[in-house]
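Reading through the structure tokens given below for one structure.
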Amino acid sequence: MELSDANLQTLTEYLKKTLDPDPAIRRPVYSLTAEKFLESVEGSQNYPLLLLTLLEKSQENVIKVCASVTFKNYIKRNWRIVEDEPNKICELDRIAIKANIVPLMLSSPEQIQKQLSDAISIIGREDFPQKWPDLLTEMVNRFQSGDFHVINGVLRTAHSLFKRYRHEFKSNELWTEIKLVLDAFALPLTNLFKATIELCSTHANDASALKVLFSSLILIAKLFYSLNFQDLPEFFEDNMETWMTNFHSLLTLDNKLLQTDDEEEAGLLELLKSQICDNAALYAQKYDEEFQPYLPRFVTAIWNLLVTTGQEVKYDLLVSNAIQFLASVCERPHYKHLFEDQNTLTSICEKVIVPNMEFRAADEEAFEDNSEEYIRRDLEGSDIDTRRRAACDLVRGLCKFFEGPVTGIFSGYVNSMLQEYAKNPSVNWKHKDAAIYLVTSLASKAQTQKHGITQANELVNLTEFFVNHIQPDLKSATVNEFPVLKADGIKYIMIFRNQVPKEQLLVSIPLLINHLQAESIVVHTYAAHALERLFTMRGTNNATLITAAEMAPFVEVLLTNLFKALTLPGSSENEYIMKAIMRSFSLLQESIIPYIPSVITQLTQKLLAVSKNPSKPHFNHYMFESICLSIRITCKANPEAVGSFEEALFLVFTEILQNDVQEFIPYVFQVMSLLLEMHKNEIPSSYMALFPHLLQPVLWERTGNIPPLVRLLQAYLERGASTIASAAADKIPGLLGVFQKLIASKANDHQGFYLLNSIIEHMPPESVDQYRKQIFILLFQRLQNSKTTKFIKSFLVFINLYCVRYGALALQEIFDSIQPKMFGMVLEKIIIPEIQKVSGQVEKKICAVGITKILTECPPMMDTEYTKLWIPLLQALIGLFELPEDDTIPDEEHFIDIEDTPGYQTAFSQLAFAGRKEHDPVGQMVNNPRIHLAQSLHKLSTACPGRVLSMLSTSLNAEALQYLQGYLQAASVSLL
Amino acid sequence: VRKHSQHMKLFKNKGKDESTLRRQRVEVSIELRKAKKDEQILKRRNISVHLKEENPLGQDEVIIQPSLEEIVEAVNGDDIQLQLLATQATRRILSRHKDPPINQIIELGIIPRMVEFLGRADNAALQFEAAWALTNIASGTSEHTRAVVEGGAIPAFISLLSSPHMHISEQAVWALGNIAGDGPLYRDALIARDVIPPLLALVSPATPVGFLRNITWTLSNLCRNKNPCPPLDAVQKILPVLLILLQHEDKEVISDSCWAVSYLTDGSNDRIQIVVETGILPRLVELMDSPDLIVMTPALRAIGNVVTGTDQQTQEAINAGVLPVLHRLLRHTKPVIQKEAAWTLSNIAAGPSQQIQQIINSGLLAPLVELLDKGDFKAQKEAVWVVANFTTGGTVEQVVELVRSGVLKPLLNLLLAKDSKTILVILDTISNLFLAAEKLGETEKLCLLVEELDGLEKIEELQNHENDMVYRAALDIIEKYFSGEENTDLEPRTGQDGLYDFSVEKQDFNF
């Protein structure tokens, strides 16, 4: 493409089209789209230069912007030169771009400047510094321009170039670059910093100038952070005075002109101070020795900053950064003295911690209108950046050295806040909220989701507080009064459940059940969650702390309220409630049976309703778990009941399958597996009718379906192998087709083996006779072309299972019928060297029994050329018994799962309560495989006296022989 | 999916190769930091005026400084008296305390002439002045040293070592030290010219301490630098003398001798072996415990280098009693000493489990945990390596012992460190801990412990880390150990694709 007006015109046209809101023009289906056209010409020489010309000279602003975005994306896609791939941008264009882009960026309006700045940093990432040596000088020279629009452009570009220093590993290459940058950049940056600060005081009354200058200061402070991240550079150590003195004074600076009215968005001043806190924290953490002289000043400044900063949301980041700085410093032994004065502590508690624990208007809003977010933050600890959280961390930091005094100071506060509340609860309820929060943060030293608080401050009497201040609120007749305090109280039970004595928990249970009816989403959600947590607590003997017997009086009201809570506005798909339902079922067991008819109706209705648009994966999951539990608990007591469940569920299941509700199908298969396994006799015809449909390839294309479908087919084979062989023999190829499909994938081959193993174990031998050879050929092909450790492990288990089922001779014969001497090759190349990799008790046992059979029940092993493998095979078997598992995996296999799996979308979630028992196919046959080996060898030696002993004594290694003698002794047999 | 770090891979594959686990002191060619005076002795030394500015004749006359032109003329002229005065003047200029104008003097082109003066055995004063001047030129940059060498000074200085005048041979020692300190090239040029025998001959019980210090320093420079290391036969010659010098009473002599040994041990295992075989280790360990920083620092460095060697070499250091000394040094007030001590310990911890057991038996876990908790960041980083190596090579029982000593809390706190590598090493260590916990069937207990100590939320946070390897390592731990909810028997594995989890290893077979 030439740099001609005509080409500029064409490009303009197409750029315009890409902006067209009508997708037909942007992306017409059958003709070349504008975007496609641009991509098709981007390989031409001069294309990027045409874009740069347009973004500079076009008459239309929109084209300028569009050209700049297109240019940046083009650079992003093409600039990197990938080894063994063609260079996508011609060298002349590269040179021209690098020569022009910096001045162009700096002279462009901000919108375009940002795009070009990004483009520069992408280029810089590849070319800087070797292939772009003059970039830095070019940038630094602009510092003298005095034009802060230009300077900010340079700073922004520098920031995007240097910010990677914050996370990359130290390397000679990286440090060479940083050193180069420091040599060229550190001094000019320092001078610019000083000059900018001077200008700030010269222009102290000029709001618009100040805004530009402060934007520069923020970028400068960010650059400082990047350049000082890897190590403390000599230059900055020598100039620490300049930087730190100025940073310090900026922290204390205030200027009315820079204050913003916006309550939410942080202003320039806040952003700058926040970055300075980060810088000080960096130095305090990494360069403590050098920074020590400055640290006390920063502590004071930051603390004053906290005392004077308001409650608005816009200050949140600054405040939490600042508090975190204090929290990290106060834990260090050599700074202890900065905090230990009683007045200091009191003042920190009073002016920094307490105010930041207050329930703010924004919190109240979230509590009411955005309860989901509120719960997430409050319950699940995704509150890392919040003020409350930072204040909490500071409390814990201070407690490291000053637990006594801090607890003392706060106890006073808690009491006075509770008194305030008592005076006028409806006005002062927030005081109580803060008091509860303070007690919580003071008392909790360690916490987990599973157990709540696990270590508490012994100076706080938690039970007393619970009885005096928490229970009364929950006992109040009006569940809807002071919802925030109700939520606080329930949360208190939840997190201190391991500290509060059991009798108090039992007292609380009816209160919690009662609060399931509260209108506030947070309150009834917390109540459900608290119940669920209490039900998972363990008492003695690993049983649940709260027993089904203790719950007996509450079963009905609990179930009623839980299901009613699902009808409250905003909670129709509340995962906490559904989880509490699941947990209640699991705890109450057979005491729920009387309620099952009503429960299963409600659950199926719910299922039908949410299957229209499944949106809450956790809710759905617990719902299916609850269904499984209902089935298990009921059928355990009354196996015949399975029919009524099928009746209730199959209608909805059919609808789900027909409407192809992808999220639910894997669950449906699991529930069906569970139901099918409940049948004791022959497989019902309703299931057989479905069988052909389960083999439909479309189902197997979805990865999420594979595990539950394999599981379901296994259930079919277990219960109905003979029915399939007689009534659906024509479907056997289809069944094996599924196996073939699975075995072809490195990610799914183990599922294929599950299926194959079930076929071999359960199908009548004659029904699969004609396919057996093919099965092995398929497996051998995989083995030859793309074997992986996982495949080999599954393969080994399978052939040994085959050997157990059909006999060693049959195994040898089928191998050798495929190719002469195949059996010996598999023994030598696969079984002997790899058997050590097999893992899992049952799997190892299968292999042990299979190999024992090969050793002792396969005549060719004794009298053909295979005889030479007899001792190595025995040795490998003893190794399998005695050596640690070989869990090495070749390097190239680490990434297999990711590459070969189509995607995460259709995630399969296994239902715990639909799980099946471990199945040991050789369990009845062989109890102890070592003894079994001894006995089998004994039998063999009786059949051919002398042979076995002579082989053993000439070639088995001493250690293995010793083990073997142990087995023989244990089996009380000897060899002849 | 984890991208294994070197350490993890080694662990996984069990074929643990100690030499890769051990981290040799890598000569960092790039340094951002200010060079710290107490950390290393200078490669070159200048003799500045205030040390030696005494009129050699003891006369109190006013010195008239000739111009540079006059100097050139006099040096190149035939008048012996003027030659001396001009050389003296040159020396004086070069001995200026601050920024001596070495370049200017080199540009005068008088170096070859000065070198010639070195050979004037008849004129000791001239020899001395020329030697001093050249010494100071050689003390400048590499460029400056080269000018002296290219002027032919090496043979001249070597023959001056045997000068009957002690002050002249001392000057020669000094000059040769500067040349040797330049780098392996000149060092080996000196060795090839047989500098060692006459230099060693100067060491005797009668040698004055000041002179001995210079000789020791020059010897240390002859041992210094890698790529290549000094020739073996040279090392063999120097070592016996170093052994003697290490017994000297003067701290500076000992210090430089230790530095020399530290250079000799900073290399491949066969180099370390030569030093170990001299039986020097007990003395070095003793010196490591010296109250004098200038002695302790290089002794610690030398021992630190030794334990980068083979298991046997490390064992020799342990047998020499290094562990109890490290116990004290880990608590030293100076952060650099803490750091070096921890680095040394990290390499011992990279050894076989018997050596790890000795670390435990020497009670080193307590100071290690302290350092990890409260040490300076540089030292904390090294302490993290100690723990990482410990958990890689230690037995399950040893790892349990480590956890019992309280390592987890400070280790997890360091996940907030502003250093990606440290974070990654910690994450790998956590994986090691989980592997040990799995073997004990206590995975759940460790999960709870990590969560209690606020480690879980830190690891979760690291899933947002910009560094790809850090993010993957964090993700891997979360997925492996924390993604299931609390009861694996009751709770679903949500968010996980069944396919990823359905490996044969974990799943029992369903037939």
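By order of appearance in the structure tokens: chains A, B, ..., then residues from 1 within every chain, and ligands from 1 in the order shown.
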Excluding Leu330 (chain B) and any residue of its chain fewer than 5 positions from it, enumerate the residues within 8 Å of it, using only C-alpha atoms, and give them as a PDB file with N, CA and C atoms, in the first residue's frame.
ATOM      1  N   ILE B 337      24.837  -9.728  58.059  1.00  0.00           N
ATOM      2  CA  ILE B 337      25.351 -10.972  58.639  1.00  0.00           C
ATOM      3  C   ILE B 337      24.215 -11.993  58.742  1.00  0.00           C
ATOM      4  N   GLN B 338      23.073 -11.514  59.198  1.00  0.00           N
ATOM      5  CA  GLN B 338      21.899 -12.403  59.247  1.00  0.00           C
ATOM      6  C   GLN B 338      21.650 -13.010  57.875  1.00  0.00           C
ATOM      7  N   LYS B 339      21.744 -12.161  56.891  1.00  0.00           N
ATOM      8  CA  LYS B 339      21.458 -12.602  55.530  1.00  0.00           C
ATOM      9  C   LYS B 339      22.456 -13.668  55.086  1.00  0.00           C
ATOM     10  N   ALA B 341      24.312 -15.540  56.916  1.00  0.00           N
ATOM     11  CA  ALA B 341      24.164 -16.746  57.735  1.00  0.00           C
ATOM     12  C   ALA B 341      22.990 -17.577  57.216  1.00  0.00           C
ATOM     13  N   ALA B 342      21.907 -16.893  56.886  1.00  0.00           N
ATOM     14  CA  ALA B 342      20.738 -17.616  56.392  1.00  0.00           C
ATOM     15  C   ALA B 342      21.028 -18.243  55.031  1.00  0.00           C
ATOM     16  N   PRO B 367      15.940 -19.824  65.936  1.00  0.00           N
ATOM     17  CA  PRO B 367      16.399 -18.555  65.359  1.00  0.00           C
ATOM     18  C   PRO B 367      15.951 -18.375  63.908  1.00  0.00           C
ATOM     19  N   LEU B 368      15.772 -19.480  63.200  1.00  0.00           N
ATOM     20  CA  LEU B 368      15.303 -19.373  61.817  1.00  0.00           C
ATOM     21  C   LEU B 368      13.900 -18.770  61.779  1.00  0.00           C
ATOM     22  N   LEU B 371      13.999 -15.157  62.605  1.00  0.00           N
ATOM     23  CA  LEU B 371      14.497 -14.355  61.497  1.00  0.00           C
ATOM     24  C   LEU B 371      13.403 -14.160  60.455  1.00  0.00           C
TER      25      LEU B 371
END
Dump as a ChimeraX atom specification the residues of chain A that approach chain B to within 7 Å, counting only C-alpha atoms. /A:167-169,172,175-176,179,231-234,285-286,288,332,446-448,450,704,707,747-748,750,754,757-758,761,790,839-840,843,888,895,897,904,907-912,918-919
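Distances from B:Asn361, B:Gln354, B:Thr265, B:Thr429 to Val384 (chain B) were compared using only C-alpha atoms, and the smallest one belongs to B:Thr429.
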Need the shell around region 241-248 of chain A: protein/DNA/RNA residues with any atom at most 8 Å away, counting only C-alpha atoms. Skip same-chain ones fewer than 2 positions apart. Format as a PyMOL selection string? chain A and resi 190+238-239+250-252+276+294+297-298+301
Residues near Phe691 (chain A), cut-off 10 Å, only C-alpha atoms, skip fewer than 4 positions along chain, as a VMD selection string: chain A and resid 685 to 687 695 to 696 712 to 713 716 724 728 731 735
Just write the chosen residues, C-alpha atoms, as a PDB file, in the first residue's frame.
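For reference, result-v5.pdb as written:
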ATOM      1  CA  SER A 685     -38.168 -51.388  31.287  1.00  0.00           C
ATOM      2  CA  SER A 686     -38.532 -47.630  31.626  1.00  0.00           C
ATOM      3  CA  TYR A 687     -34.770 -47.440  31.949  1.00  0.00           C
ATOM      4  CA  LEU A 695     -25.525 -43.505  23.431  1.00  0.00           C
ATOM      5  CA  GLN A 696     -26.328 -40.484  21.273  1.00  0.00           C
ATOM      6  CA  LEU A 712     -24.997 -44.088  34.509  1.00  0.00           C
ATOM      7  CA  LEU A 713     -23.942 -46.577  31.844  1.00  0.00           C
ATOM      8  CA  TYR A 716     -26.905 -50.058  33.537  1.00  0.00           C
ATOM      9  CA  ILE A 724     -28.654 -55.527  27.298  1.00  0.00           C
ATOM     10  CA  ALA A 728     -30.348 -54.655  23.043  1.00  0.00           C
ATOM     11  CA  LYS A 731     -26.679 -51.454  20.710  1.00  0.00           C
ATOM     12  CA  LEU A 735     -21.786 -48.740  23.474  1.00  0.00           C
TER      13      LEU A 735
END
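Minimum atom-to-atom distance to Val668 (chain A), evaluated using only C-alpha atoms, belongs to A:Ala914 out of A:Ala727, A:Ala284, A:Ala914, A:Cys349.
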Could you pull out all residues of region 295-370 of chain B with a DSSP call of helix (DSSP H, G or I) and give them as a ChimeraX atom specification? /B:295-306,311-319,322-329,335-349,353-361,365-370
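Going from CA of Lys432 (chain A) to CA of Ala477 (chain A) covers 18.9 Å.
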Any idea what's packed within 6 Å of region 150-152 of chain B, counting only C-alpha atoms, ignoring anything in its chain fewer than 3 positions away? Could you give it as a compact mmCIF listing (two decimals) with N, CA and C atoms, in the first residue's frame?
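Writing the result to part-v8.txt gives the following:
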# COMPACT_ATOMS: atom_id res chain seq x y z
N ILE B 111 54.19 6.90 30.97
CA ILE B 111 54.19 5.62 31.68
C ILE B 111 55.39 4.74 31.29
N PRO B 112 55.63 4.56 29.98
CA PRO B 112 56.77 3.69 29.62
C PRO B 112 58.08 4.16 30.27
N ARG B 146 45.21 -0.89 32.65
CA ARG B 146 45.73 -1.39 31.38
C ARG B 146 46.90 -0.54 30.90
N ALA B 147 46.77 0.77 31.09
CA ALA B 147 47.84 1.66 30.63
C ALA B 147 49.15 1.27 31.31
Fewer than 6 positions away in the same chain doesn't count, so skip those; otherwise give me all residues within 12 Å of region 661-667 of chain A, counting only C-alpha atoms, as number ranges by chain. A: 607-608, 610-628, 652-655, 673-674, 694, 698-712, 905-915; B: 492, 497-498
Pro129 (chain A) proximity check over A:Glu2, A:Glu173, A:Glu264, A:Asp93, using only C-alpha atoms: winner is A:Glu173
Skipping near chain neighbours, those fewer than 5 positions away, what residues fall within 8 Å of region 116-121 of chain A using only C-alpha atoms, listed as a ChimeraX atom specification? /A:68,71-72,75-76,101-102,105,153,156-158,160-161
Keeping only N, CA, C and O atoms, write the selected residues as a PDB file, in the first residue's frame.
ATOM      1  N   SER A  68      -6.542   5.433  15.889  1.00  0.00           N
ATOM      2  CA  SER A  68      -5.592   5.189  16.980  1.00  0.00           C
ATOM      3  C   SER A  68      -5.878   3.852  17.661  1.00  0.00           C
ATOM      4  O   SER A  68      -4.961   3.110  17.996  1.00  0.00           O
ATOM      5  N   PHE A  71      -4.812   1.153  15.329  1.00  0.00           N
ATOM      6  CA  PHE A  71      -3.347   1.077  15.338  1.00  0.00           C
ATOM      7  C   PHE A  71      -2.854   0.302  16.562  1.00  0.00           C
ATOM      8  O   PHE A  71      -2.025  -0.594  16.452  1.00  0.00           O
ATOM      9  N   LYS A  72      -3.412   0.636  17.707  1.00  0.00           N
ATOM     10  CA  LYS A  72      -2.942  -0.047  18.922  1.00  0.00           C
ATOM     11  C   LYS A  72      -3.211  -1.549  18.836  1.00  0.00           C
ATOM     12  O   LYS A  72      -2.342  -2.364  19.160  1.00  0.00           O
ATOM     13  N   ILE A  75      -0.747  -3.194  16.574  1.00  0.00           N
ATOM     14  CA  ILE A  75       0.561  -3.364  17.220  1.00  0.00           C
ATOM     15  C   ILE A  75       0.500  -4.551  18.179  1.00  0.00           C
ATOM     16  O   ILE A  75       1.386  -5.392  18.219  1.00  0.00           O
ATOM     17  N   LYS A  76      -0.585  -4.610  18.907  1.00  0.00           N
ATOM     18  CA  LYS A  76      -0.742  -5.669  19.889  1.00  0.00           C
ATOM     19  C   LYS A  76      -0.693  -7.049  19.220  1.00  0.00           C
ATOM     20  O   LYS A  76      -0.077  -7.974  19.715  1.00  0.00           O
ATOM     21  N   ILE A 101       6.473   7.821  16.687  1.00  0.00           N
ATOM     22  CA  ILE A 101       5.334   7.625  17.586  1.00  0.00           C
ATOM     23  C   ILE A 101       5.403   8.493  18.849  1.00  0.00           C
ATOM     24  O   ILE A 101       4.374   8.986  19.313  1.00  0.00           O
ATOM     25  N   VAL A 102       6.607   8.709  19.382  1.00  0.00           N
ATOM     26  CA  VAL A 102       6.672   9.482  20.620  1.00  0.00           C
ATOM     27  C   VAL A 102       6.199  10.927  20.405  1.00  0.00           C
ATOM     28  O   VAL A 102       5.286  11.390  21.102  1.00  0.00           O
ATOM     29  N   MET A 105       2.486  10.914  19.792  1.00  0.00           N
ATOM     30  CA  MET A 105       1.725  10.673  21.016  1.00  0.00           C
ATOM     31  C   MET A 105       1.626  11.948  21.832  1.00  0.00           C
ATOM     32  O   MET A 105       0.561  12.326  22.313  1.00  0.00           O
ATOM     33  N   GLY A 153       2.103  12.841  29.309  1.00  0.00           N
ATOM     34  CA  GLY A 153       2.149  11.791  28.286  1.00  0.00           C
ATOM     35  C   GLY A 153       3.392  10.939  28.452  1.00  0.00           C
ATOM     36  O   GLY A 153       3.333   9.702  28.423  1.00  0.00           O
ATOM     37  N   ARG A 156       3.132   8.862  31.661  1.00  0.00           N
ATOM     38  CA  ARG A 156       2.200   7.744  31.532  1.00  0.00           C
ATOM     39  C   ARG A 156       2.842   6.603  30.749  1.00  0.00           C
ATOM     40  O   ARG A 156       2.740   5.434  31.120  1.00  0.00           O
ATOM     41  N   THR A 157       3.516   6.970  29.668  1.00  0.00           N
ATOM     42  CA  THR A 157       4.192   5.945  28.869  1.00  0.00           C
ATOM     43  C   THR A 157       5.261   5.250  29.705  1.00  0.00           C
ATOM     44  O   THR A 157       5.386   4.024  29.691  1.00  0.00           O
ATOM     45  N   ALA A 158       6.026   6.058  30.414  1.00  0.00           N
ATOM     46  CA  ALA A 158       7.084   5.482  31.241  1.00  0.00           C
ATOM     47  C   ALA A 158       6.473   4.520  32.261  1.00  0.00           C
ATOM     48  O   ALA A 158       6.984   3.429  32.491  1.00  0.00           O
ATOM     49  N   SER A 160       3.746   2.791  32.004  1.00  0.00           N
ATOM     50  CA  SER A 160       3.336   1.502  31.446  1.00  0.00           C
ATOM     51  C   SER A 160       4.552   0.682  31.015  1.00  0.00           C
ATOM     52  O   SER A 160       4.491  -0.545  30.979  1.00  0.00           O
ATOM     53  N   LEU A 161       5.656   1.337  30.716  1.00  0.00           N
ATOM     54  CA  LEU A 161       6.876   0.581  30.387  1.00  0.00           C
ATOM     55  C   LEU A 161       7.524  -0.035  31.626  1.00  0.00           C
ATOM     56  O   LEU A 161       8.061  -1.130  31.572  1.00  0.00           O
TER      57      LEU A 161
END
So how far away is CA of Ile743 (chain A) from CA of Ala729 (chain A), in Å? 21.9 Å
What is the CA of Leu104 (chain A)-CA of Pro48 (chain A) distance in Å, reported with one decimal? 13.4 Å
